[in-house]
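Undergrad: The following file, target.txt, comprises compact mmCIF, C-alpha atoms:
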```
# COMPACT_ATOMS: atom_id res chain seq x y z
CA MET D 1 -7.60 -1.35 20.63
CA LYS D 2 -4.46 0.41 19.50
CA ASP D 3 -3.24 3.43 21.44
CA ALA D 4 -0.57 6.13 21.70
CA LEU D 5 1.95 3.79 23.33
CA ALA D 6 1.70 1.24 20.50
CA ILE D 7 2.16 4.02 17.92
CA HIS D 8 5.06 5.55 19.87
CA ARG D 9 6.88 2.21 20.15
CA TRP D 10 6.34 1.43 16.46
CA LEU D 11 7.65 4.84 15.39
CA LEU D 12 10.69 4.48 17.68
CA ALA D 13 11.41 1.07 16.16
CA HIS D 14 11.32 2.72 12.71
CA GLN D 15 13.48 5.64 13.95
CA VAL D 16 10.89 8.25 12.98
CA HIS D 17 10.94 11.60 14.80
CA HIS D 18 7.57 12.35 16.34
CA GLU D 19 5.89 13.63 19.46
CA ILE D 20 2.89 12.40 21.41
CA VAL D 21 1.00 15.56 22.39
CA ARG D 22 -1.17 15.71 25.49
CA LEU D 23 -4.48 17.45 24.69
CA PRO D 24 -5.96 20.07 27.06
CA ARG D 25 -9.23 18.11 27.18
CA ALA D 26 -10.62 14.87 25.82
CA MET D 27 -11.81 14.70 22.21
CA THR D 28 -14.45 12.47 20.67
CA SER D 29 -13.40 12.95 17.05
CA ALA D 30 -10.40 14.01 14.96
CA ASP D 31 -12.53 16.97 13.81
CA GLU D 32 -11.85 18.56 17.21
CA LEU D 33 -8.04 18.61 16.75
CA PRO D 34 -7.82 22.10 15.18
CA GLU D 35 -9.73 23.67 18.06
CA LEU D 36 -7.91 21.72 20.80
CA LEU D 37 -4.45 22.47 19.40
CA SER D 38 -5.08 25.93 17.91
CA ALA D 39 -3.92 24.47 14.60
CA SER D 40 -5.07 24.90 11.03
CA PRO D 41 -7.56 22.23 9.89
CA ALA D 42 -5.22 21.65 6.92
CA THR D 43 -2.50 20.46 9.34
CA CYS D 44 -4.76 17.98 11.13
CA VAL D 45 -5.13 14.56 9.52
CA ALA D 46 -8.08 12.25 10.02
CA VAL D 47 -9.04 8.80 8.82
CA THR D 48 -12.60 8.39 7.59
CA VAL D 49 -13.90 4.87 7.10
CA PHE D 50 -16.56 4.21 4.48
CA GLU D 51 -18.58 1.10 3.80
CA VAL D 52 -18.27 0.49 0.06
CA THR D 53 -20.66 -1.73 -1.89
CA THR D 54 -19.38 -3.20 -5.16
CA ARG D 55 -20.55 -6.08 -7.36
CA ILE D 56 -18.54 -8.44 -5.15
CA GLY D 57 -19.94 -7.28 -1.81
CA ARG D 58 -19.43 -4.76 0.97
CA GLU D 59 -16.13 -3.83 2.55
CA PRO D 60 -14.71 -1.00 4.65
CA VAL D 61 -12.29 1.45 3.03
CA ALA D 62 -10.20 3.98 4.99
CA VAL D 63 -9.51 7.44 3.55
CA VAL D 64 -6.70 9.61 4.94
CA ALA D 65 -7.31 13.35 4.42
CA SER D 66 -7.01 16.65 6.24
CA VAL D 67 -9.72 17.68 8.65
CA GLY D 68 -10.09 20.83 6.53
CA SER D 69 -10.91 18.82 3.39
CA PRO D 70 -12.81 15.73 4.53
CA PRO D 71 -13.54 13.07 1.90
CA GLN D 72 -17.05 12.76 0.52
CA PRO D 73 -18.69 9.45 -0.45
CA GLY D 74 -19.29 10.47 -4.10
CA PRO D 75 -15.65 10.89 -5.16
CA ILE D 76 -14.64 7.75 -3.27
CA GLY D 77 -17.31 5.80 -5.14
CA GLY D 78 -16.06 7.25 -8.42
CA VAL D 79 -12.47 6.22 -7.73
CA LEU D 80 -13.47 2.70 -6.66
CA GLY D 81 -16.26 2.15 -9.17
CA ALA D 82 -18.59 1.39 -6.27
CA ARG D 83 -22.37 1.11 -6.41
CA ARG D 84 -22.81 2.69 -3.00
CA VAL D 85 -20.57 4.45 -0.50
CA ARG D 86 -21.65 5.52 2.95
CA PRO D 87 -19.93 6.37 6.23
CA ALA D 88 -19.20 3.22 8.20
CA SER D 89 -20.88 2.57 11.53
CA ALA D 90 -18.83 2.92 14.72
CA PHE D 91 -18.89 -0.87 15.09
CA THR D 92 -17.48 -1.31 11.56
CA VAL D 93 -14.79 1.33 12.18
CA ASN D 94 -13.75 -0.32 15.45
CA SER D 95 -13.69 -3.80 13.88
CA ALA D 96 -11.93 -2.81 10.67
CA THR D 97 -9.23 -0.56 12.18
CA ASP D 98 -8.74 -1.73 15.78
CA TYR D 99 -9.03 1.94 16.81
CA ALA D 100 -11.88 3.76 18.51
CA ALA D 101 -14.29 5.30 15.99
CA GLY D 102 -13.48 8.98 15.39
CA LEU D 103 -9.94 8.57 16.72
CA VAL D 104 -8.38 6.40 13.99
CA CYS D 105 -4.69 6.96 13.34
CA PRO D 106 -3.41 6.38 9.78
CA LEU D 107 -0.60 4.23 11.21
CA LEU D 108 -0.81 0.56 12.16
CA LEU D 109 -3.97 -0.07 10.15
CA PRO D 110 -4.54 -3.73 9.25
CA GLU D 111 -2.91 -4.80 5.98
CA GLU D 112 -6.19 -6.17 4.61
CA LEU D 113 -7.94 -2.78 4.99
CA PRO D 114 -7.86 -0.80 1.72
CA VAL D 115 -6.48 2.70 2.36
CA LEU D 116 -6.79 5.75 0.09
CA VAL D 117 -4.72 8.90 0.74
CA ASP D 118 -5.70 12.38 -0.46
CA GLU D 119 -2.82 13.48 -2.66
CA ARG D 120 -2.98 17.03 -1.25
CA LEU D 121 -1.22 15.63 1.83
CA ALA D 122 1.70 14.29 -0.20
CA GLY D 123 5.04 16.02 -0.60
CA SER D 124 4.75 18.36 2.37
CA ALA D 125 7.47 18.62 5.00
CA GLU D 126 4.99 20.44 7.23
CA PHE D 127 4.15 18.99 10.63
CA VAL D 128 0.68 17.49 11.03
CA TYR D 129 -1.40 16.23 13.92
CA THR D 130 -3.38 13.01 13.88
CA PRO D 131 -5.33 11.04 16.51
CA THR D 132 -3.69 8.16 18.36
CA GLY D 133 -6.80 6.18 19.18
CA GLU D 134 -6.95 7.83 22.60
CA ARG D 135 -9.16 10.74 23.61
CA ARG D 136 -6.43 12.77 25.33
CA THR D 137 -3.45 12.48 22.96
CA ALA D 138 -2.46 13.33 19.40
CA LEU D 139 0.56 12.49 17.26
CA LEU D 140 2.73 15.29 15.86
CA ILE D 141 4.77 14.12 12.86
CA ARG D 142 6.02 15.48 9.55
CA ALA D 143 3.49 14.87 6.77
CA ASP D 144 6.05 13.30 4.45
CA HIS D 145 7.18 10.88 7.18
CA LEU D 146 3.59 9.96 7.98
CA LEU D 147 2.70 9.27 4.37
CA THR D 148 5.84 7.21 3.82
CA LEU D 149 4.62 4.93 6.60
CA VAL D 150 0.99 4.70 5.44
CA SER D 151 0.41 1.83 3.07
CA GLY D 152 -2.27 3.10 0.74
CA LYS D 153 -3.06 4.38 -2.72
CA THR D 154 -2.74 8.13 -3.29
CA ILE D 155 -5.77 9.60 -5.07
CA ASP D 156 -6.86 13.02 -6.30
CA LEU D 157 -10.08 13.80 -4.43
CA VAL D 158 -10.39 17.25 -6.01
CA GLN D 159 -10.38 16.01 -9.61
CA SER D 160 -12.62 13.08 -8.67
CA ARG D 161 -15.23 15.53 -7.38
CA SER D 162 -15.62 17.21 -10.74
CA ARG D 163 -16.34 13.87 -12.43
CA ARG D 164 -18.90 12.71 -9.87
CA GLU D 165 -22.33 11.65 -11.08
CA PRO D 166 -24.84 12.13 -8.23
CA ALA D 167 -27.28 9.53 -9.58
CA THR D 168 -24.59 6.85 -9.60
CA PHE D 169 -22.98 7.67 -6.26
CA PRO D 170 -25.61 9.01 -3.88
CA LEU D 171 -24.52 10.59 -0.61
CA ALA D 172 -25.59 8.54 2.36
CA GLY D 173 -27.39 10.31 5.17
```
As structure tokens, please, write out the structure in this file.

TA:
Amino acid sequence: MKDALAIHRWLLAHQVHHEIVRLPRAMTSADELPELLSASPATCVAVTVFEVTTRIGREPVAVVASVGSPPQPGPIGGVLGARRVRPASAFTVNSATDYAAGLVCPLLLPEELPVLVDERLAGSAEFVYTPTGERRTALLIRADHLLTLVSGKTIDLVQSRSRREPATFPLAG
């Protein structure tokens, strides 16, 4: 599993300014970052992994978005033209990302894993927090630096929501 040290070394090698932040207590999910750091949910970034079913088969897809605006399966299905989209199991998340489920960092994801990035994160010089794969640390980095390093397709999740057809892309429970 990847951890804060691997991320720190990789960022140093790429000469990217960042900070590994020690959390006051352990977290189980990126959703806890705003509370633990007294930060706005809009400045906390999480990776949600979905299992997407298309005509070809099933595959995991990672979506990078703020904790304050988490991605929903419907819009993701609309963007990908998928038959079914549902949250991936912890086993699938661990296998597909090499991070602990709930603590996936948008950096160092495998090249074969499709990654979608919510465009609302783009273009901001604001600092954001993201998990490091460890329960007691977070990464503090500028949003524009983070997104420059994430290899993924930027999508508009807001516009996609308005075009969603519930019968075609049911929400998984």

Undergrad: Excluding D:Ile155 and any residue of its chain fewer than 2 positions from it, enumerate the residues within 12 Å of it, using all atoms listed in the file, and give them as a PDB file with C-alpha atoms, in the coordinates of the input.

TA:
```
ATOM      1  CA  VAL D  63      -9.510   7.440   3.550  1.00  0.00           C
ATOM      2  CA  VAL D  64      -6.700   9.610   4.940  1.00  0.00           C
ATOM      3  CA  ALA D  65      -7.310  13.350   4.420  1.00  0.00           C
ATOM      4  CA  PRO D  71     -13.540  13.070   1.900  1.00  0.00           C
ATOM      5  CA  PRO D  75     -15.650  10.890  -5.160  1.00  0.00           C
ATOM      6  CA  ILE D  76     -14.640   7.750  -3.270  1.00  0.00           C
ATOM      7  CA  GLY D  78     -16.060   7.250  -8.420  1.00  0.00           C
ATOM      8  CA  VAL D  79     -12.470   6.220  -7.730  1.00  0.00           C
ATOM      9  CA  LEU D  80     -13.470   2.700  -6.660  1.00  0.00           C
ATOM     10  CA  VAL D 115      -6.480   2.700   2.360  1.00  0.00           C
ATOM     11  CA  LEU D 116      -6.790   5.750   0.090  1.00  0.00           C
ATOM     12  CA  VAL D 117      -4.720   8.900   0.740  1.00  0.00           C
ATOM     13  CA  ASP D 118      -5.700  12.380  -0.460  1.00  0.00           C
ATOM     14  CA  GLU D 119      -2.820  13.480  -2.660  1.00  0.00           C
ATOM     15  CA  ARG D 120      -2.980  17.030  -1.250  1.00  0.00           C
ATOM     16  CA  LEU D 121      -1.220  15.630   1.830  1.00  0.00           C
ATOM     17  CA  ALA D 122       1.700  14.290  -0.200  1.00  0.00           C
ATOM     18  CA  GLY D 152      -2.270   3.100   0.740  1.00  0.00           C
ATOM     19  CA  LYS D 153      -3.060   4.380  -2.720  1.00  0.00           C
ATOM     20  CA  LEU D 157     -10.080  13.800  -4.430  1.00  0.00           C
ATOM     21  CA  VAL D 158     -10.390  17.250  -6.010  1.00  0.00           C
ATOM     22  CA  GLN D 159     -10.380  16.010  -9.610  1.00  0.00           C
ATOM     23  CA  SER D 160     -12.620  13.080  -8.670  1.00  0.00           C
ATOM     24  CA  ARG D 161     -15.230  15.530  -7.380  1.00  0.00           C
TER      25      ARG D 161
END
```

Undergrad: Between D:Thr137, D:Ser124, D:Thr148, D:Thr92, which has the minimum distance to D:Glu32 (counting only C-alpha atoms)?

TA: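 For D:Glu32, the nearest of the candidates is D:Thr137.
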
Undergrad: Go ahead and compute the interatomic distance for atom CA of D:Phe127 and atom CA of D:Leu107, in Å to one decimal.

TA: 15.5 Å

Undergrad: Using all atoms listed in the file, can you tell me which of D:Ile141, D:Leu149, D:Ala82, D:Val61 comes closest to D:Glu19?

TA: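 Of D:Ile141, D:Leu149, D:Ala82, D:Val61, the one nearest D:Glu19 is D:Ile141, counting all atoms listed in the file.
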
Undergrad: So, with only C-alpha atoms as the atoms that count, which of D:Gly133, D:Val150, D:Arg22, D:Arg58 lies closest to D:Ala101?

TA: D:Gly133

Undergrad: Ranking D:Met27, D:Glu134, D:Glu126, D:Trp10 by minimum distance to D:Asp98 and counting all atoms listed in the file, which one comes first?

TA: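 For D:Asp98, the nearest of the candidates is D:Glu134.
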
Undergrad: For D:Ala46, which residue among D:Leu109, D:Ala125, D:Leu103, D:Val93 is the nearest when counting all atoms listed in the file?

TA: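 Of the candidates, the smallest distance to D:Ala46 is held by D:Leu103.
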
Undergrad: Excluding same-chain residues fewer than 3 positions from D:Leu36, what lies within 7 Å of it counting all atoms listed in the file, as a PDB file with C-alpha atoms, in the frame of the given file?

TA:
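Produced file result.pdb, reproduced below:
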```
ATOM      1  CA  LEU D  23      -4.480  17.450  24.690  1.00  0.00           C
ATOM      2  CA  PRO D  24      -5.960  20.070  27.060  1.00  0.00           C
ATOM      3  CA  GLU D  32     -11.850  18.560  17.210  1.00  0.00           C
ATOM      4  CA  LEU D  33      -8.040  18.610  16.750  1.00  0.00           C
TER       5      LEU D  33
END
```

Undergrad: What does the distance between atom CA of D:Gln15 and atom CA of D:Ala138 come to in Å, to one decimal place?

TA: 18.5 Å

Undergrad: What is the atom CA of D:Pro70 to atom CA of D:Gly57 distance in Å?

TA: 24.9 Å

Undergrad: Could you tell me, as a list in words, which residues have any atom at most 7 Å from (-19.7, 6.1, 15.7), counting all atoms listed in the file?

TA: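 Collected hits near the coordinates: Ser89, Ala90, Ala101 and Gly102 of chain D.
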
Undergrad: Write the selection just made, keeping C-alpha atoms, as a CSV table (one decimal), keeping the file's coordinate frame?

TA:
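Saved to part_26.csv:
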```
chain,number,residue,atom,x,y,z
D,89,SER,CA,-20.9,2.6,11.5
D,90,ALA,CA,-18.8,2.9,14.7
D,101,ALA,CA,-14.3,5.3,16.0
D,102,GLY,CA,-13.5,9.0,15.4
```

Undergrad: Residues within 12 Å of D:Glu35, please, as a list in words. Count only C-alpha atoms; anything in the same chain fewer than 2 positions from it doesn't count.

TA: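 Surrounding residues, per the criterion: Leu23, Pro24, Arg25, Ala26, Met27, Ser29, Ala30, Asp31, Glu32, Leu33, Leu37, Ser38, Ala39, Ser40, Pro41, Thr43, Cys44, Val67, Gly68 and Tyr129 of chain D.
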
Undergrad: Closest to D:Thr48 among D:His145, D:Lys2, D:Arg86, D:Arg9, using all atoms listed in the file?

TA: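 Comparing D:His145, D:Lys2, D:Arg86, D:Arg9 against D:Thr48, the winner is D:Arg86.
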
Undergrad: If the box runs along x, y and z of the file and leaves 5 Å on each side of stretch 35-41 of chain D, what are its centre and edge lengths in Å, one decimal, as lines of an AutoDock Vina configuration file?

TA:
```
center_x = -6.8
center_y = 23.8
center_z = 15.3
size_x = 15.8
size_y = 14.2
size_z = 20.9
```

Undergrad: Skipping near chain neighbours, those fewer than 2 positions away, what residues fall within 9 Å of D:Pro110 using all atoms listed in the file, listed as number ranges by chain?

TA: D: 96-98, 108, 112-114
